[in-house]
>>> print(open('structure.cif').read())   # mmCIF, C-alpha atoms
data_entry
#
loop_
_atom_site.label_atom_id
_atom_site.label_comp_id
_atom_site.auth_asym_id
_atom_site.auth_seq_id
_atom_site.Cartn_x
_atom_site.Cartn_y
_atom_site.Cartn_z
CA MET S 1 79.40 -32.80 61.98
CA ASN S 2 76.42 -33.97 60.01
CA ASN S 3 75.49 -37.36 61.41
CA SER S 4 71.99 -37.52 59.93
CA ILE S 5 73.27 -39.39 56.88
CA VAL S 6 75.73 -42.24 57.04
CA TYR S 7 77.26 -43.34 53.76
CA GLN S 8 78.88 -46.65 53.03
CA GLU S 9 82.35 -46.03 51.68
CA SER S 10 81.47 -47.46 48.24
CA GLU S 11 78.36 -45.29 48.08
CA LEU S 12 80.29 -42.22 49.16
CA VAL S 13 82.97 -42.84 46.52
CA MET S 14 80.32 -43.21 43.82
CA LEU S 15 78.71 -39.89 44.80
CA LEU S 16 82.09 -38.18 45.01
CA LYS S 17 82.94 -39.34 41.52
CA GLN S 18 79.77 -37.57 40.37
CA HIS S 19 81.04 -34.41 42.13
CA HIS S 20 78.09 -34.57 44.50
CA GLU S 21 78.37 -31.55 46.76
CA THR S 22 76.61 -33.00 49.81
CA ALA S 23 78.79 -36.10 49.65
CA PHE S 24 81.83 -33.87 49.51
CA SER S 25 80.66 -31.92 52.52
CA TYR S 26 80.15 -35.23 54.33
CA LEU S 27 83.64 -36.34 53.35
CA TYR S 28 85.05 -33.12 54.76
CA ASP S 29 83.12 -33.45 58.00
CA HIS S 30 84.31 -37.01 58.52
CA TYR S 31 87.91 -36.84 57.40
CA SER S 32 89.16 -33.26 57.59
CA ALA S 33 90.28 -33.51 61.23
CA SER S 34 92.15 -36.78 60.62
CA LEU S 35 93.86 -35.36 57.55
CA TYR S 36 94.55 -32.06 59.34
CA SER S 37 96.49 -33.95 62.00
CA VAL S 38 98.47 -35.73 59.26
CA ILE S 39 99.37 -32.33 57.80
CA LEU S 40 100.19 -30.84 61.22
CA SER S 41 102.49 -33.75 62.00
CA ILE S 42 104.61 -32.60 59.05
CA ILE S 43 103.98 -28.83 58.90
CA PRO S 44 104.12 -26.98 62.21
CA ASP S 45 102.76 -23.72 60.75
CA ARG S 46 98.98 -23.54 61.31
CA GLU S 47 98.27 -20.99 58.59
CA LEU S 48 100.20 -23.02 56.05
CA SER S 49 98.51 -26.22 57.25
CA ASN S 50 95.10 -24.61 56.65
CA ASP S 51 96.16 -23.80 53.11
CA ILE S 52 97.46 -27.30 52.56
CA LEU S 53 94.22 -28.81 53.90
CA GLN S 54 92.29 -26.73 51.39
CA GLU S 55 94.66 -27.76 48.62
CA VAL S 56 94.26 -31.42 49.64
CA PHE S 57 90.47 -31.31 49.48
CA VAL S 58 90.51 -29.54 46.11
CA LYS S 59 92.87 -32.25 44.88
CA ILE S 60 90.59 -34.96 46.23
CA PHE S 61 87.70 -33.32 44.42
CA ARG S 62 89.65 -33.10 41.15
CA GLN S 63 91.26 -36.52 41.31
CA ILE S 64 88.52 -38.66 42.80
CA GLU S 65 88.01 -40.26 39.34
CA THR S 66 91.48 -41.77 39.62
CA TYR S 67 90.77 -43.40 43.00
CA ASP S 68 90.66 -47.19 42.62
CA SER S 69 89.02 -48.91 45.60
CA SER S 70 90.66 -52.24 44.69
CA LYS S 71 94.05 -50.74 45.62
CA GLY S 72 93.09 -49.61 49.10
CA ARG S 73 90.74 -47.71 51.35
CA LEU S 74 89.60 -44.18 50.57
CA PHE S 75 91.24 -42.81 53.71
CA THR S 76 94.61 -44.33 52.76
CA TRP S 77 94.37 -42.67 49.35
CA MET S 78 93.53 -39.31 50.95
CA LEU S 79 96.24 -39.76 53.59
CA ASN S 80 98.83 -40.09 50.85
CA ILE S 81 97.53 -36.97 49.08
CA ALA S 82 97.75 -35.04 52.35
CA ARG S 83 101.21 -36.37 53.14
CA ASN S 84 102.54 -35.63 49.63
CA ALA S 85 101.07 -32.12 49.64
CA SER S 86 102.67 -31.44 53.04
CA ILE S 87 106.06 -32.74 51.93
CA ASP S 88 105.85 -30.64 48.74
CA ALA S 89 105.15 -27.58 50.87
CA LEU S 90 107.99 -28.51 53.22
CA ARG S 91 110.38 -28.64 50.29
CA SER S 92 109.19 -25.43 48.63
CA LYS S 93 111.65 -22.53 48.53
CA ASN S 94 109.11 -20.19 50.18
CA TYR S 95 108.74 -22.49 53.16
CA GLN S 96 112.46 -22.95 53.63
CA ARG S 97 113.02 -19.19 53.51
CA SER S 98 110.25 -18.54 56.05
CA GLN S 99 111.75 -21.17 58.34
CA GLN S 100 115.14 -19.43 58.24
CA ASN S 101 113.49 -16.12 59.08
CA ARG S 102 111.56 -17.71 61.92
CA GLU S 103 114.69 -19.19 63.45
CA LEU S 104 116.35 -15.77 63.34
CA THR S 105 113.43 -13.96 65.00
CA GLU S 106 113.05 -16.70 67.57
CA ASN S 107 116.63 -16.29 68.57
CA VAL S 108 115.96 -12.62 69.27
CA TYR S 109 112.50 -12.65 70.84
CA GLU S 110 112.16 -16.21 72.09
CA ARG S 111 108.74 -17.72 71.52
CA GLY S 112 105.70 -15.53 71.89
CA GLY S 113 102.18 -15.71 70.49
CA SER S 114 103.37 -18.15 67.88
CA THR S 115 100.96 -20.18 65.74
CA GLN S 116 103.52 -22.96 65.57
CA THR S 117 102.41 -26.43 66.60
CA ASN S 118 104.65 -28.78 68.46
CA THR S 119 104.64 -31.53 65.86
CA ASP S 120 106.08 -34.03 68.35
CA LYS S 121 102.69 -34.48 70.00
CA ILE S 122 100.73 -34.96 66.81
CA GLY S 123 99.52 -38.04 65.00
CA LEU S 124 101.96 -40.76 64.05
CA ARG S 125 104.93 -38.64 65.08
CA LYS S 126 103.87 -39.06 68.69
CA ILE S 127 104.55 -42.81 68.50
CA VAL S 128 107.42 -42.58 66.05
CA ASN S 129 109.26 -40.53 68.66
CA LYS S 130 109.06 -43.45 71.03
CA LEU S 131 111.00 -45.70 68.67
CA LYS S 132 114.70 -46.38 69.06
CA GLU S 133 116.73 -43.53 67.49
CA GLU S 134 118.11 -45.70 64.66
CA TYR S 135 114.52 -46.56 63.68
CA ARG S 136 113.01 -43.15 64.39
CA VAL S 137 115.39 -41.34 62.06
CA LEU S 138 114.47 -43.67 59.18
CA VAL S 139 110.72 -43.11 59.63
CA GLU S 140 111.35 -39.40 60.05
CA LEU S 141 113.26 -39.14 56.78
CA SER S 142 111.04 -41.44 54.74
CA TYR S 143 107.53 -40.80 56.03
CA PHE S 144 107.70 -37.21 57.32
CA GLU S 145 110.26 -35.81 54.90
CA GLY S 146 109.63 -37.95 51.84
CA PHE S 147 113.13 -39.18 51.03
CA THR S 148 113.52 -42.45 49.13
CA GLN S 149 115.35 -45.35 50.70
CA GLU S 150 118.25 -44.81 48.25
CA GLU S 151 118.51 -41.16 49.28
CA ILE S 152 118.46 -42.08 52.97
CA SER S 153 121.13 -44.72 52.39
CA LYS S 154 123.39 -42.02 50.89
CA MET S 155 122.51 -39.36 53.46
CA LEU S 156 123.21 -41.58 56.46
CA ASN S 157 125.92 -43.61 54.78
CA ILE S 158 124.14 -46.87 55.64
CA PRO S 159 123.83 -49.73 53.08
CA LEU S 160 120.48 -49.75 51.25
CA GLY S 161 119.68 -53.27 52.52
CA THR S 162 120.12 -52.11 56.09
CA VAL S 163 117.87 -49.11 55.50
CA LYS S 164 115.18 -51.43 54.11
CA THR S 165 115.26 -53.97 56.96
CA ARG S 166 115.49 -51.33 59.71
CA LEU S 167 112.66 -49.33 58.19
CA ARG S 168 110.44 -52.40 57.96
CA THR S 169 111.24 -53.37 61.52
CA ALA S 170 110.37 -49.84 62.59
CA LEU S 171 107.04 -50.04 60.78
CA ILE S 172 106.16 -53.38 62.36
CA GLN S 173 106.86 -51.87 65.77
CA LEU S 174 104.69 -48.87 64.87
CA LYS S 175 101.89 -51.18 63.85
CA GLN S 176 101.99 -52.90 67.21
CA VAL S 177 101.74 -49.56 69.03
CA ILE S 178 98.89 -48.36 66.83
CA LYS S 179 96.88 -51.55 67.42
CA THR S 180 97.02 -51.24 71.20
CA MET W 1 106.76 -67.52 47.86
CA ASP W 2 106.12 -67.64 51.61
CA ILE W 3 103.17 -65.29 51.65
CA GLN W 4 102.99 -65.09 55.43
CA ALA W 5 106.65 -64.04 55.62
CA TYR W 6 105.90 -61.46 52.94
CA ILE W 7 102.92 -60.10 54.88
CA GLN W 8 104.96 -59.87 58.06
CA SER W 9 107.99 -58.29 56.40
CA GLY W 10 106.73 -54.75 56.96
CA ILE W 11 106.03 -54.24 53.26
CA ILE W 12 102.28 -53.91 53.94
CA GLU W 13 102.92 -51.00 56.31
CA SER W 14 105.33 -49.22 54.00
CA TYR W 15 102.82 -49.61 51.15
CA VAL W 16 99.94 -48.16 53.17
CA LEU W 17 102.05 -45.29 54.51
CA GLY W 18 103.22 -44.47 50.98
CA ILE W 19 106.93 -45.04 51.54
CA ALA W 20 107.38 -48.20 49.49
CA SER W 21 109.41 -47.93 46.29
CA ALA W 22 107.69 -48.08 42.90
CA GLU W 23 108.77 -51.70 42.37
CA GLU W 24 107.53 -52.71 45.83
CA VAL W 25 104.19 -51.03 45.11
CA ALA W 26 103.85 -52.80 41.76
CA GLU W 27 104.70 -56.17 43.34
CA LEU W 28 102.26 -55.70 46.20
CA GLU W 29 99.42 -54.65 43.91
CA ILE W 30 99.84 -57.85 41.91
CA LEU W 31 100.13 -60.07 45.01
CA GLN W 32 97.10 -58.35 46.50
CA LEU W 33 95.01 -59.61 43.58
CA GLN W 34 96.49 -63.14 43.80
CA PHE W 35 96.42 -63.60 47.58
CA PRO W 36 93.36 -62.51 49.54
CA GLU W 37 95.44 -62.59 52.72
CA VAL W 38 97.65 -59.79 51.32
CA ALA W 39 94.59 -57.69 50.50
CA GLU W 40 93.27 -58.50 53.96
CA ALA W 41 96.51 -57.35 55.61
CA VAL W 42 96.51 -54.12 53.60
CA SER W 43 92.90 -53.46 54.55
CA GLU W 44 93.58 -54.23 58.20
CA PHE W 45 96.56 -51.90 58.54
CA SER W 46 94.71 -49.20 56.57
CA SER W 47 91.83 -49.46 58.99
CA SER W 48 94.06 -49.21 62.03
CA ILE W 49 95.81 -46.14 60.56
CA GLU W 50 92.42 -44.64 59.84
CA GLU W 51 91.22 -45.33 63.36
CA TYR W 52 94.43 -44.03 64.85
CA SER W 53 94.19 -40.85 62.79
CA LEU W 54 90.58 -40.38 63.83
CA LYS W 55 91.51 -40.83 67.49
CA ASN W 56 94.30 -38.28 67.13
CA ALA W 57 92.32 -35.95 64.87
CA ILE W 58 92.61 -32.19 65.22
CA ALA W 59 89.67 -30.12 63.97
CA PRO W 60 90.71 -27.46 61.50
CA PRO W 61 89.31 -23.91 61.89
CA PRO W 62 85.72 -23.71 60.53
CA VAL W 63 86.72 -21.10 57.93
CA VAL W 64 88.70 -23.77 56.04
CA LYS W 65 85.54 -25.68 55.20
CA SER W 66 83.74 -22.66 53.77
CA ASN W 67 86.84 -21.82 51.72
CA ILE W 68 86.99 -25.35 50.40
CA MET W 69 83.30 -25.54 49.54
CA ALA W 70 83.58 -22.18 47.73
CA ALA W 71 86.66 -23.40 45.85
CA ILE W 72 84.80 -26.54 44.83
CA LYS W 73 81.81 -24.56 43.58
CA LYS W 74 84.22 -22.61 41.36
CA GLU W 75 85.80 -25.87 40.21
CA GLN W 76 82.40 -27.07 39.11
CA THR W 77 81.73 -23.84 37.22
CA PHE W 78 85.19 -23.64 35.70
CA PRO W 79 86.69 -27.12 35.56
CA PRO W 80 90.46 -26.88 35.14
CA VAL W 81 91.91 -27.90 31.78
CA ILE W 82 94.45 -30.12 33.49
CA SER W 83 94.51 -31.13 37.11
CA LEU W 84 97.96 -30.99 38.55
CA PRO W 85 98.84 -34.11 40.53
CA THR W 86 101.25 -32.19 42.77
CA GLY W 87 102.55 -28.67 43.11
CA ALA W 88 101.55 -25.33 44.54
CA PRO W 89 98.04 -24.78 45.93
CA PRO W 90 95.83 -23.81 42.99
CA THR W 91 94.55 -20.24 43.00
CA ALA W 92 91.33 -21.40 41.44
CA ASP W 93 89.37 -18.15 41.59
CA ILE W 94 92.03 -16.00 39.91
CA SER W 95 92.98 -18.56 37.28
CA ALA W 96 89.31 -19.26 36.53
CA LYS W 97 88.54 -15.58 35.88
CA HIS W 98 91.69 -15.10 33.81
CA TYR W 99 90.99 -18.31 32.06
CA SER W 100 87.48 -17.29 31.07
CA ILE W 101 88.58 -13.83 29.91
CA LEU W 102 91.51 -15.28 28.01
CA ARG W 103 89.24 -17.88 26.53
CA MET W 104 86.87 -15.16 25.38
CA PHE W 105 89.72 -13.22 23.83
CA ALA W 106 91.12 -16.35 22.27
CA ALA W 107 87.72 -17.30 20.87
CA ALA W 108 87.15 -13.75 19.60
CA SER W 109 90.54 -13.60 17.91
CA VAL W 110 90.07 -17.01 16.35
CA ILE W 111 86.69 -15.91 14.98
CA LEU W 112 88.16 -12.63 13.71
CA PHE W 113 91.02 -14.48 12.12
CA LEU W 114 88.70 -16.92 10.37
CA VAL W 115 86.37 -14.15 9.20
CA SER W 116 89.27 -12.07 7.93
CA GLY W 117 90.80 -15.12 6.26
CA GLY W 118 87.49 -15.91 4.58
CA LEU W 119 87.05 -12.31 3.49
CA ASN W 120 90.58 -12.24 2.08
CA LEU W 121 89.91 -15.39 0.13
CA TYR W 122 86.62 -14.01 -1.18
CA LEU W 123 88.19 -10.67 -2.14
CA TYR W 124 91.13 -12.39 -3.76
CA LYS W 125 88.80 -14.55 -5.86
CA GLN W 126 86.83 -11.47 -6.82
CA TYR W 127 90.04 -9.67 -7.70
CA ALA W 128 91.33 -12.61 -9.76
CA GLN W 129 88.03 -12.83 -11.65
CA LYS W 130 87.82 -9.08 -12.27
CA SER W 131 91.44 -9.03 -13.33
CA GLY W 132 90.75 -11.83 -15.83
CA ASP W 133 87.63 -10.02 -17.04
CA TYR W 134 89.62 -6.84 -17.41
CA ARG W 135 92.33 -8.55 -19.47
CA ALA W 136 89.69 -10.15 -21.71
CA LEU W 137 88.02 -6.77 -22.21
CA LEU W 138 91.37 -5.18 -22.94
CA ALA W 139 92.12 -7.82 -25.60
CA GLU W 140 88.65 -7.40 -27.07
CA ARG W 141 89.06 -3.63 -27.13
CA ASN W 142 92.44 -3.96 -28.86
CA SER W 143 91.06 -6.28 -31.50
CA LEU W 144 88.08 -3.95 -32.02
CA LEU W 145 90.48 -1.04 -32.34
CA VAL W 146 92.52 -2.93 -34.94
CA ASN W 147 89.36 -3.92 -36.83
CA ASN W 148 88.21 -0.34 -36.59
CA GLN W 149 91.49 0.87 -38.09
CA VAL W 150 91.15 -1.71 -40.85
CA TYR W 151 87.62 -0.50 -41.57
CA GLN W 152 88.75 3.11 -41.44
CA THR W 153 91.47 2.32 -43.97
CA HIS W 154 88.97 0.49 -46.17
CA LEU W 155 86.54 3.36 -45.81
CA ARG W 156 89.19 5.94 -46.69
CA GLN W 157 90.17 3.88 -49.72
CA TRP W 158 86.55 3.61 -50.82
CA GLN W 159 86.01 7.29 -50.14
CA SER W 160 88.94 8.25 -52.32
CA ALA W 161 87.74 5.71 -54.90
CA ALA W 162 84.27 7.25 -54.82
CA GLU W 163 85.70 10.78 -55.14
CA MET W 164 87.82 9.61 -57.99
CA MET W 165 84.85 7.96 -59.72
CA ALA W 166 82.73 11.02 -59.18
CA ASP W 167 85.25 13.04 -61.23
CA PRO W 168 83.48 13.91 -64.53
CA ALA W 169 86.79 13.44 -66.35
CA MET W 170 86.91 9.80 -65.21
CA ALA W 171 86.27 7.11 -67.81
CA MET W 172 85.23 3.67 -66.63
CA ILE W 173 86.31 0.58 -68.56
CA LYS W 174 84.99 -2.79 -67.54
CA MET W 175 87.41 -5.64 -68.15
CA LYS W 176 85.52 -8.88 -68.56
CA GLY W 177 86.80 -12.38 -68.08
CA THR W 178 88.42 -13.98 -71.12
CA ALA W 179 87.21 -17.25 -72.65
CA GLY W 180 87.19 -19.91 -69.97
CA ARG W 181 87.66 -17.25 -67.26
CA GLU W 182 84.29 -15.52 -67.58
CA GLN W 183 83.80 -15.32 -63.85
CA ASN W 184 86.63 -12.79 -63.57
CA LEU W 185 86.10 -9.07 -63.62
CA ALA W 186 88.12 -5.89 -63.07
CA THR W 187 87.42 -2.22 -63.68
CA ILE W 188 89.70 0.54 -64.95
CA PHE W 189 89.15 4.18 -64.05
CA TRP W 190 91.08 6.35 -66.43
CA ASN W 191 91.31 10.05 -65.95
CA THR W 192 90.94 11.49 -69.41
CA THR W 193 92.47 14.79 -68.28
CA ASN W 194 95.65 13.76 -66.46
CA LYS W 195 95.72 10.19 -67.83
CA ASP W 196 96.04 8.58 -64.34
CA VAL W 197 94.89 4.94 -64.31
CA TYR W 198 93.14 3.27 -61.35
CA LEU W 199 92.35 -0.43 -61.12
CA MET W 200 89.52 -2.03 -59.17
CA PRO W 201 90.08 -5.82 -59.01
CA ASN W 202 86.41 -6.81 -58.64
CA LYS W 203 86.72 -10.54 -59.15
CA LEU W 204 90.17 -11.97 -59.54
CA PRO W 205 91.46 -15.22 -58.06
CA HIS W 206 94.12 -15.14 -55.41
CA PRO W 207 97.41 -15.50 -57.30
CA SER W 208 99.45 -18.60 -56.49
CA LYS W 209 102.79 -18.20 -54.79
CA GLY W 210 105.44 -16.46 -56.89
CA LYS W 211 102.79 -15.11 -59.27
CA GLN W 212 101.38 -11.60 -59.57
CA PHE W 213 98.74 -9.90 -61.77
CA GLN W 214 100.08 -7.31 -64.21
CA LEU W 215 98.02 -4.62 -65.97
CA TRP W 216 98.69 -3.95 -69.60
CA ALA W 217 97.60 -1.07 -71.83
CA LEU W 218 97.23 -1.93 -75.49
CA VAL W 219 98.63 1.05 -77.36
CA ASN W 220 98.35 0.75 -81.11
CA GLY W 221 98.35 -3.07 -80.93
CA LYS W 222 101.34 -3.24 -78.55
CA PRO W 223 101.08 -4.16 -74.87
CA VAL W 224 102.54 -1.52 -72.55
CA ASP W 225 103.18 -2.26 -68.88
CA ALA W 226 100.64 -0.36 -66.80
CA GLY W 227 101.86 -1.57 -63.41
CA MET W 228 101.67 -4.56 -61.02
CA LEU W 229 98.59 -5.27 -58.98
CA SER W 230 99.70 -5.22 -55.36
CA PRO W 231 98.38 -8.23 -53.42
CA ASP W 232 97.45 -5.74 -50.67
CA CYS W 233 95.23 -3.78 -53.03
CA GLU W 234 91.86 -3.15 -51.46
CA GLY W 235 89.23 -1.35 -53.43
CA VAL W 236 90.87 0.84 -56.01
CA CYS W 237 94.60 1.11 -56.61
CA LYS W 238 96.50 3.67 -58.60
CA MET W 239 98.42 2.20 -61.53
CA LYS W 240 100.86 3.77 -64.00
CA ASN W 241 99.95 6.90 -65.97
CA ILE W 242 98.88 5.86 -69.47
CA PRO W 243 98.61 8.77 -71.99
CA GLN W 244 96.68 6.77 -74.55
CA ALA W 245 95.38 3.22 -75.05
CA GLN W 246 92.78 1.26 -76.98
CA ALA W 247 92.32 -1.52 -74.44
CA PHE W 248 93.43 -2.77 -71.04
CA ALA W 249 94.14 -6.36 -69.98
CA ILE W 250 95.43 -8.26 -66.91
CA THR W 251 97.69 -11.29 -67.13
CA LEU W 252 99.16 -13.48 -64.44
CA GLU W 253 102.94 -13.14 -64.53
CA ASN W 254 105.89 -14.10 -62.38
CA GLU W 255 106.18 -11.94 -59.29
CA GLY W 256 107.64 -8.54 -60.15
CA GLY W 257 106.22 -8.54 -63.67
CA SER W 258 107.35 -9.35 -67.24
CA PRO W 259 108.39 -7.10 -70.14
CA THR W 260 105.83 -8.83 -72.38
CA PRO W 261 102.49 -10.35 -71.37
CA ASN W 262 101.96 -14.12 -71.26
CA MET W 263 98.87 -14.28 -73.45
CA GLN W 264 97.88 -17.73 -72.19
CA GLU W 265 97.46 -16.28 -68.71
CA MET W 266 95.23 -13.36 -69.65
CA TYR W 267 92.40 -13.12 -67.15
CA VAL W 268 90.43 -10.05 -68.14
CA LEU W 269 90.28 -7.70 -71.11
CA GLY W 270 88.36 -4.46 -71.76
CA LYS W 271 88.24 -2.10 -74.66
CA VAL W 272 88.25 1.67 -74.18
#
>>> encode(input="structure.cif", output="structure tokens")
Amino acid sequence: MNNSIVYQESELVMLLKQHHETAFSYLYDHYSASLYSVILSIIPDRELSNDILQEVFVKIFRQIETYDSSKGRLFTWMLNIARNASIDALRSKNYQRSQQNRELTENVYERGGSTQTNTDKIGLRKIVNKLKEEYRVLVELSYFEGFTQEEISKMLNIPLGTVKTRLRTALIQLKQVIKT
Amino acid sequence: MDIQAYIQSGIIESYVLGIASAEEVAELEILQLQFPEVAEAVSEFSSSIEEYSLKNAIAPPPVVKSNIMAAIKKEQTFPPVISLPTGAPPTADISAKHYSILRMFAAASVILFLVSGGLNLYLYKQYAQKSGDYRALLAERNSLLVNNQVYQTHLRQWQSAAEMMADPAMAMIKMKGTAGREQNLATIFWNTTNKDVYLMPNKLPHPSKGKQFQLWALVNGKPVDAGMLSPDCEGVCKMKNIPQAQAFAITLENEGGSPTPNMQEMYVLGKV
């Protein structure tokens, strides 16, 4: 990590918008590990997570012009790019096929020398797992799997209003845990 | 609106984590501008997520960074035409190479097309002009050919006239204009051997419509029809054979001729 230069966020954003290479390297050094854990909390496969991390940084580089600091912090913007990229990968046909194959081979050989991460211990999922089941499942489906509240309401056969209030309650609880 | 209740509803958290609906996002972004406390709450939760993520960070393998920096260098050299907001990871290096080769081909074919189009236009214009020139020349040639034939005919007529005149047996009788018509003149060539008569209408007016000049031979004081002067007569024209005559005269008669001459319309007269 290059600690010799410390950028203010506004300064960093300005340099990134100019496609400044050193600023980009700095951004990577400071945020890649945080974003990597976001990806790993959704995608257990390390190889795939590496690819997604690369994809995320290329996207950040391409789309930095569209980042509007009045709408939120830079990290929040990047977090959402990382989360969306991970969910897209999760939903891709290739990924689903590879997961089926993995389940089959695991049944035969058990686990051995796998590059799979136990997502339960990573990032937000670690605390989400501590929530009550009726809350946990809502955060799981919305945050980690990217379903809309309407979709969740249909999937779980729970009224949309209930989904909304439970999800918000879950998030307030999460916030309390994060703060401590 | 109870802004505190709004802030504590959990909407801030769902907005920051990206799970709020589009309407909720739109509402929050407006309220954020109106109420500093909303913006403050968003910033606060964002910071705690950022801190939490940093605390729970997992370093990616070092190779990822070098891959990313290399990919970004390529991006700078070959910026993508459109950046995809979502979708499969971009294979920047392959697409960039293909893109540049395709672009070269595309540029080359566009240039070739334009050049060929221009050349076609130029050649077509040339062709159209030459074709016009050719048609003009063809018309000119035809008219020259016609004129040439006309001259040849005239020449042949004059040649035969000259041969005829050169005949030692040929007698020439000048017919002069009558009183009041002195400007008129015609010549008779009369072969004294075979008695053939030729007329050369040197100066005669163009007959009006329905009228025609008629040649008369005066034989012993009586006018004898010696033939009609054809309006097409050029040079010298053969008339009727006249065995003997004392004079020749031309009168203007109705088309086709008269049995007796109209003496008022006598134009020329010449004694043998």
>>> residues_around(input="structure.cif", residues="Leu229 in chain W", least_positions_apart="6", cutoff="12 Å", atoms="only C-alpha atoms", output="PyMOL selection string")
chain W and resi 186+198-201+204+206-207+211-216+235-240+249-257
>>> closest_atom_pairs(input="structure.cif", of="chain S", to="chain W", cutoff="7 Å", atoms="only C-alpha atoms", output="tab-separated table")
residue	atom	partner	partner_atom	distance
S:Ala33	CA	W:Ala59	CA	4.4
S:Ser34	CA	W:Ala57	CA	4.3
S:Tyr36	CA	W:Ile58	CA	6.2
S:Ser37	CA	W:Ile58	CA	5.3
S:Asn50	CA	W:Val64	CA	6.5
S:Gln54	CA	W:Ile68	CA	5.6
S:Glu55	CA	W:Pro89	CA	5.2
S:Phe57	CA	W:Ile68	CA	7.0
S:Val58	CA	W:Ile72	CA	6.6
S:Arg62	CA	W:Ser83	CA	6.6
S:Lys71	CA	W:Glu29	CA	6.9
S:Gly72	CA	W:Ser43	CA	6.7
S:Arg73	CA	W:Ser46	CA	6.7
S:Phe75	CA	W:Glu50	CA	6.5
S:Thr76	CA	W:Ser46	CA	6.2
S:Asn80	CA	W:Gly18	CA	6.2
S:Ala85	CA	W:Thr86	CA	6.9
S:Asp88	CA	W:Gly87	CA	6.8
S:Gly123	CA	W:Asn56	CA	5.6
S:Ser142	CA	W:Ile19	CA	6.3
S:Tyr143	CA	W:Ile19	CA	6.2
S:Arg168	CA	W:Gly10	CA	4.5
S:Thr169	CA	W:Gly10	CA	6.6
S:Leu171	CA	W:Gly10	CA	6.1
S:Ile172	CA	W:Gly10	CA	5.6
S:Ile178	CA	W:Tyr52	CA	6.5
S:Lys179	CA	W:Ser48	CA	6.5
>>> residues_around(input="structure.cif", residues="Gln173 in chain S", least_positions_apart="6", cutoff="12 Å", atoms="only C-alpha atoms", output="mmCIF file with C-alpha atoms, in the frame of the given file")
data_model
loop_
_atom_site.group_PDB
_atom_site.id
_atom_site.type_symbol
_atom_site.label_atom_id
_atom_site.label_comp_id
_atom_site.auth_asym_id
_atom_site.auth_seq_id
_atom_site.Cartn_x
_atom_site.Cartn_y
_atom_site.Cartn_z
ATOM 1 C CA ILE S 127 104.550 -42.810 68.500
ATOM 2 C CA VAL S 128 107.420 -42.580 66.050
ATOM 3 C CA ASN S 129 109.260 -40.530 68.660
ATOM 4 C CA LYS S 130 109.060 -43.450 71.030
ATOM 5 C CA LEU S 131 111.000 -45.700 68.670
ATOM 6 C CA LYS S 132 114.700 -46.380 69.060
ATOM 7 C CA TYR S 135 114.520 -46.560 63.680
ATOM 8 C CA ARG S 136 113.010 -43.150 64.390
ATOM 9 C CA VAL S 139 110.720 -43.110 59.630
ATOM 10 C CA ARG S 166 115.490 -51.330 59.710
ATOM 11 C CA LEU S 167 112.660 -49.330 58.190
ATOM 12 C CA LYS S 179 96.880 -51.550 67.420
ATOM 13 C CA THR S 180 97.020 -51.240 71.200
ATOM 14 C CA GLN W 8 104.960 -59.870 58.060
ATOM 15 C CA SER W 9 107.990 -58.290 56.400
ATOM 16 C CA GLY W 10 106.730 -54.750 56.960
ATOM 17 C CA GLU W 13 102.920 -51.000 56.310
#
>>> residues_around(input="structure.cif", residues="Leu31 in chain W", least_positions_apart="6", cutoff="12 Å", atoms="all atoms listed in the file", output="PyMOL selection string")
(chain S and resi 71) or (chain W and resi 1-4+6-7+11-12+24-25+37-42)
>>> resolve_selection(input="structure.cif", expression="the PyMOL selection byres ((chain W and resi 271) around 6)", output="list in words")
Ala247, Gly270 and Val272 of chain W
>>> resolve_selection(input="structure.cif", expression="the PyMOL selection byres ((chain S and resi 24) around 12)", output="JSON, numbers by chain")
{"S": [2, 7, 12, 13, 14, 15, 16, 17, 18, 19, 20, 21, 22, 23, 25, 26, 27, 28, 29, 30, 31, 32, 57, 58, 60, 61, 62, 64], "W": [65, 68, 69, 70, 72, 73]}
>>> residues_around(input="structure.cif", residues="range 159-176 of chain W", least_positions_apart="2", cutoff="6 Å", atoms="all atoms listed in the file", output="ChimeraX atom specification")
/W:155-157,185-192,236,268-270
>>> resolve_selection(input="structure.cif", expression="the PyMOL selection byres ((chain W and resi 218) around 7)", output="list in words")
Trp216, Ala217, Val219, Asn220, Gly221, Lys222, Pro223, Val224, Ala245, Gln246, Ala247 and Phe248 of chain W
>>> atom_distance(input="structure.cif", atom1="CA of Gln100 in chain S", atom2="CA of Leu40 in chain S")
19.0 Å
>>> residues_around(input="structure.cif", residues="Gly180 in chain W", least_positions_apart="4", cutoff="12 Å", atoms="all atoms listed in the file", output="ChimeraX atom specification")
/W:176,184,264-268
>>> atom_distance(input="structure.cif", atom1="CA of Lys195 in chain W", atom2="CA of Asp232 in chain W")
23.5 Å
>>> atom_distance(input="structure.cif", atom1="CA of Glu151 in chain S", atom2="CA of Asp51 in chain S")
28.6 Å
>>> axis_aligned_box(input="structure.cif", around="range 238-247 of chain W", padding_each_side="4 Å", output="lines of an AutoDock Vina configuration file")
center_x = 96.6
center_y = 3.6
center_z = -67.8
size_x = 16.5
size_y = 18.3
size_z = 26.4
>>> closest_residue(input="structure.cif", among="S:Arg83, S:Arg125, S:Tyr67, S:Leu74", to="Ile52 in chain S", atoms="only C-alpha atoms")
S:Arg83
